[in-house]
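J.: This is model.csv (CSV, C-alpha atoms and all ligand atoms).
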chain,number,residue,atom,x,y,z
A,187,MET,CA,69.5,162.4,132.5
A,188,LYS,CA,69.6,164.6,129.4
A,189,ALA,CA,69.8,168.4,129.8
A,190,GLY,CA,66.2,169.5,129.2
A,191,TYR,CA,65.6,172.0,126.4
A,192,LEU,CA,62.3,173.0,128.0
A,193,SER,CA,62.5,175.7,130.6
A,194,LYS,CA,61.3,175.1,134.1
A,195,THR,CA,58.4,177.4,133.5
A,196,GLN,CA,57.4,175.5,130.3
A,197,LEU,CA,57.6,172.2,132.1
A,198,GLN,CA,55.5,173.5,135.0
A,199,GLY,CA,52.9,174.8,132.5
A,200,LEU,CA,52.8,171.5,130.7
A,201,LYS,CA,52.6,169.6,134.0
A,202,ARG,CA,49.7,171.7,135.1
A,203,GLU,CA,48.0,171.0,131.8
A,204,LEU,CA,48.6,167.3,132.2
A,205,GLU,CA,47.2,167.2,135.7
A,206,THR,CA,44.1,169.1,134.7
A,207,LEU,CA,43.6,166.8,131.7
A,208,GLN,CA,44.1,163.7,133.9
A,209,GLN,CA,41.6,164.9,136.4
A,210,GLN,CA,39.1,165.7,133.7
A,211,LEU,CA,39.6,162.2,132.2
A,212,LEU,CA,39.2,160.5,135.5
A,213,LYS,CA,36.0,162.4,136.1
A,214,ASP,CA,34.7,161.4,132.6
A,215,LEU,CA,35.8,157.8,133.2
A,216,GLU,CA,33.9,157.7,136.5
A,217,ALA,CA,30.8,159.2,134.9
A,218,GLU,CA,31.0,156.7,132.0
A,219,GLN,CA,31.4,153.8,134.4
A,220,GLY,CA,28.4,155.0,136.4
A,221,ASP,CA,26.4,155.3,133.2
A,222,GLN,CA,27.4,151.8,132.3
A,223,LYS,CA,26.1,150.3,135.6
A,224,ILE,CA,22.8,152.0,135.1
A,225,GLU,CA,22.6,150.9,131.5
A,226,LEU,CA,23.4,147.3,132.5
A,227,SER,CA,20.7,147.2,135.1
A,228,LEU,CA,18.2,148.7,132.6
A,229,VAL,CA,19.2,145.9,130.2
A,230,ASP,CA,18.6,143.3,132.9
A,231,CYS,CA,15.2,144.6,133.8
A,232,SER,CA,13.8,145.5,130.4
A,233,GLU,CA,12.5,142.8,128.1
A,234,VAL,CA,14.3,142.4,124.9
A,235,HIS,CA,11.6,142.0,122.3
A,236,ASP,CA,13.5,140.6,119.3
A,237,ARG,CA,17.0,139.8,118.1
A,238,GLY,CA,17.3,143.1,116.3
A,239,GLU,CA,16.8,145.1,119.4
A,240,GLU,CA,19.2,142.9,121.3
A,241,ALA,CA,21.8,143.4,118.7
A,242,VAL,CA,21.4,147.2,119.0
A,243,THR,CA,21.8,147.1,122.8
A,244,VAL,CA,24.9,144.9,122.5
A,245,GLY,CA,26.4,147.2,119.9
A,246,GLN,CA,25.8,150.3,122.1
A,247,GLN,CA,27.3,148.5,125.0
A,248,PHE,CA,30.3,147.6,123.0
A,249,SER,CA,31.0,151.2,121.8
A,250,HIS,CA,30.5,152.3,125.3
A,251,LEU,CA,33.1,149.9,126.5
A,252,SER,CA,35.6,151.0,123.9
A,253,HIS,CA,35.0,154.6,124.9
A,254,ILE,CA,35.8,153.6,128.5
A,255,ASN,CA,38.9,151.8,127.4
A,256,ARG,CA,40.0,154.8,125.3
A,257,LEU,CA,39.6,157.1,128.4
A,258,ALA,CA,41.5,154.7,130.6
A,259,GLU,CA,44.3,154.6,128.0
A,260,GLU,CA,44.4,158.4,127.9
A,261,VAL,CA,44.7,158.5,131.7
A,262,ARG,CA,47.6,156.1,131.5
A,263,GLU,CA,49.2,158.4,128.8
A,264,CYS,CA,48.9,161.3,131.2
A,265,GLN,CA,50.4,159.4,134.1
A,266,HIS,CA,53.2,158.3,131.8
A,267,ALA,CA,53.9,161.9,130.7
A,268,LEU,CA,53.8,163.1,134.3
A,269,GLN,CA,56.3,160.5,135.3
A,270,ARG,CA,58.6,161.6,132.4
A,271,ILE,CA,58.4,165.1,133.7
A,272,GLU,CA,59.5,163.9,137.1
A,273,SER,CA,62.4,161.8,135.7
A,274,GLY,CA,63.5,164.5,133.3
A,275,ASP,CA,62.7,162.4,130.2
A,276,TYR,CA,59.8,164.6,129.1
A,277,GLY,CA,60.0,166.2,125.7
A,278,TRP,CA,62.3,163.7,124.1
A,279,CYS,CA,61.0,161.4,121.3
A,280,ASP,CA,60.6,157.8,122.4
A,281,SER,CA,61.8,156.6,119.0
A,282,CYS,CA,64.6,158.8,117.7
A,283,ASP,CA,65.6,160.5,121.0
A,284,ASP,CA,65.3,163.9,119.4
A,285,GLU,CA,63.4,166.9,120.8
A,286,ILE,CA,59.6,166.9,120.5
A,287,GLU,CA,58.6,170.3,119.1
A,288,LEU,CA,57.3,172.6,121.9
A,289,ASN,CA,54.2,173.6,119.9
A,290,ARG,CA,53.4,169.9,119.5
A,291,LEU,CA,53.6,169.4,123.2
A,292,MET,CA,51.4,172.4,123.9
A,293,ALA,CA,48.8,171.0,121.5
A,294,ASN,CA,49.2,167.4,122.8
A,295,PRO,CA,51.0,167.2,126.1
A,296,VAL,CA,51.0,163.4,126.2
A,297,ALA,CA,52.9,163.1,122.9
A,298,VAL,CA,55.8,160.7,123.1
A,299,LEU,CA,57.0,160.9,119.5
A,300,CYS,CA,58.3,163.8,117.4
A,301,VAL,CA,56.3,164.7,114.3
A,302,SER,CA,58.4,162.8,111.9
A,303,CYS,CA,58.3,159.6,114.0
A,304,GLN,CA,54.6,160.0,114.5
A,305,THR,CA,54.1,160.3,110.8
A,306,ARG,CA,56.2,157.3,110.2
A,307,GLU,CA,54.4,155.3,112.8
A,308,GLU,CA,51.0,156.1,111.3
A,309,PHE,CA,52.3,155.3,107.9
A,310,ALA,CA,53.3,151.9,109.2
A,311,ARG,CA,50.1,151.3,110.9
A,312,HIS,CA,47.7,152.4,108.2
A,313,GLY,CA,49.8,151.9,105.2
A,314,GLN,CA,49.4,155.5,104.2
A,315,ALA,CA,50.5,158.9,105.2
A,316,ALA,CA,48.4,160.6,107.8
A,317,SER,CA,46.2,163.3,106.3
A,318,PHE,CA,47.5,166.5,107.8
A,401,ZN,ZN,61.4,161.1,116.7
Render the structure in this file as C-alpha cells.
Ligand SMILES: [Zn+2]
T.:
Amino acid sequence: MKAGYLSKTQLQGLKRELETLQQQLLKDLEAEQGDQKIELSLVDCSEVHDRGEEAVTVGQQFSHLSHINRLAEEVRECQHALQRIESGDYGWCDSCDDEIELNRLMANPVAVLCVSCQTREEFARHGQAASF
C-alpha cells in the first residue's frame, strides 16, 4: 500500500461525497426503473397506430435504457472508488500510477485517471483532443 498523499480529512470528505452521490444515483436508478415499468405497460395497453409511432416509442425506450445503463455504470464507479478508499488505492492514477490532482477529485470523485492520462485516453478513443 502506497503512502497516501491525501489527508485523512480529505479522504473522509471525498468518501462522504461518494456515498451521497451513490445514494442519489441509486434513487435515480430506482425511479427510472419504476418509470420504465409504467411506460412498458402503457405500450402494451395502448394501440400503436402506425409504424412511425412505433418507431418513436422504440426510440424513446432505447434512450431510456441507455440512461439506465449509464446510471448503473456510475453506481459501479462510485462503488469502485469507495473500495479504493478502503484499500488505500484511492487518488492514484490507474494508468501511470501518479497522483490524481486533488481539485480533479473534488470535481469528479470517481476519477481513476490523472488529467494527462484522461486526455490521452480520450484522444485515443475519439481520435482528437478533448475540448477543454
Ligand atoms: Zn496518469
J.: Mind giving me the straight-line distance from atom CA of Leu268 of chain A to atom CA of Asn294 of chain A in Å, one decimal?
T.: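 Taking atom CA of Leu268 of chain A as the start and atom CA of Asn294 of chain A as the end point, the length is 13.1 Å.
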J.: Let me make sure I understand: among A:Asp221, A:Glu307, A:Asp280, A:Glu203, which one has the smallest atom-to-atom distance to His250 of chain A if we use all atoms listed in the file?
T.: A:Asp221
J.: Please tabulate, as CSV, the residues of chain A that come within 10 Å of ligand ZN 401 (chain A), each with its closest pair of atoms and the distance in Å to one decimal, counting all atoms listed in the file and ordering rows by chain, then residue number upward.
T.:
residue,atom,partner,partner_atom,distance
A:Trp278,CA,A:ZN401,ZN,7.9
A:Cys279,CA,A:ZN401,ZN,4.6
A:Asp280,CA,A:ZN401,ZN,6.6
A:Ser281,CA,A:ZN401,ZN,5.1
A:Cys282,CA,A:ZN401,ZN,4.1
A:Asp283,CA,A:ZN401,ZN,6.0
A:Asp284,CA,A:ZN401,ZN,5.5
A:Glu285,CA,A:ZN401,ZN,7.4
A:Ile286,CA,A:ZN401,ZN,7.2
A:Glu287,CA,A:ZN401,ZN,9.9
A:Val298,CA,A:ZN401,ZN,8.5
A:Leu299,CA,A:ZN401,ZN,5.2
A:Cys300,CA,A:ZN401,ZN,4.2
A:Val301,CA,A:ZN401,ZN,6.7
A:Ser302,CA,A:ZN401,ZN,5.9
A:Cys303,CA,A:ZN401,ZN,4.4
A:Gln304,CA,A:ZN401,ZN,7.2
A:Thr305,CA,A:ZN401,ZN,9.4
A:Arg306,CA,A:ZN401,ZN,9.2
A:Glu307,CA,A:ZN401,ZN,9.9
J.: Have a look at atom CA of Ile254 of chain A and atom CA of Glu218 of chain A and let me know their distance in Å, one decimal.
T.: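 Atom CA of Glu218 of chain A lies 6.7 Å from atom CA of Ile254 of chain A.
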J.: Atom CA of Leu197 of chain A and atom CA of Gln209 of chain A are how many Å apart?
T.: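 That distance, rounded to one decimal, is 18.1 Å.
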J.: Could you tell me which of A:Ala297, A:Ala310, A:Leu288, A:Cys264 comes closest to Thr206 of chain A if we count all atoms listed in the file?
T.: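 Answer, going by the shortest atom-to-atom distance: A:Cys264.
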J.: Which polymer residues have any atom within 8 Å of an atom of Leu200 of chain A, counting all atoms listed in the file, with same-chain residues fewer than 4 positions away left out, as a list in words?
T.: Gln196, Leu204, Leu291, Met292 and Pro295 of chain A
J.: Smallest atom-to-atom distance to Glu263 of chain A: which of A:Gln247, A:Gln208, A:Gln198, A:Asn289, using only C-alpha atoms?
T.: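 Residue with the minimum atom-to-atom distance to Glu263 of chain A: A:Gln208.
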J.: Write out as a list in words each polymer residue whose atoms come within 8 Å of Leu211 of chain A, counting only C-alpha atoms; drop sequence neighbours fewer than 4 positions from it.
T.: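 The residues satisfying every condition are Leu207, Leu215, Leu257, Ala258, Glu260 and Val261 of chain A.
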J.: Return the single residue from A:Ser193, A:Arg202, A:His253, A:His312 that is closest to Ala267 of chain A, with distances computed using only C-alpha atoms.
T.: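 For Ala267 of chain A, the nearest of the candidates is A:Arg202.
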J.: Return the single residue from A:Lys194, A:Val296, A:Gly245, A:Glu205 that is closest to Arg270 of chain A, with distances computed using only C-alpha atoms.
T.: A:Val296
J.: Using all atoms listed in the file, which of the listed residues (A:Gly277, A:Ala293, A:Glu259, A:Glu272) sits closest to Leu212 of chain A?
T.: A:Glu259
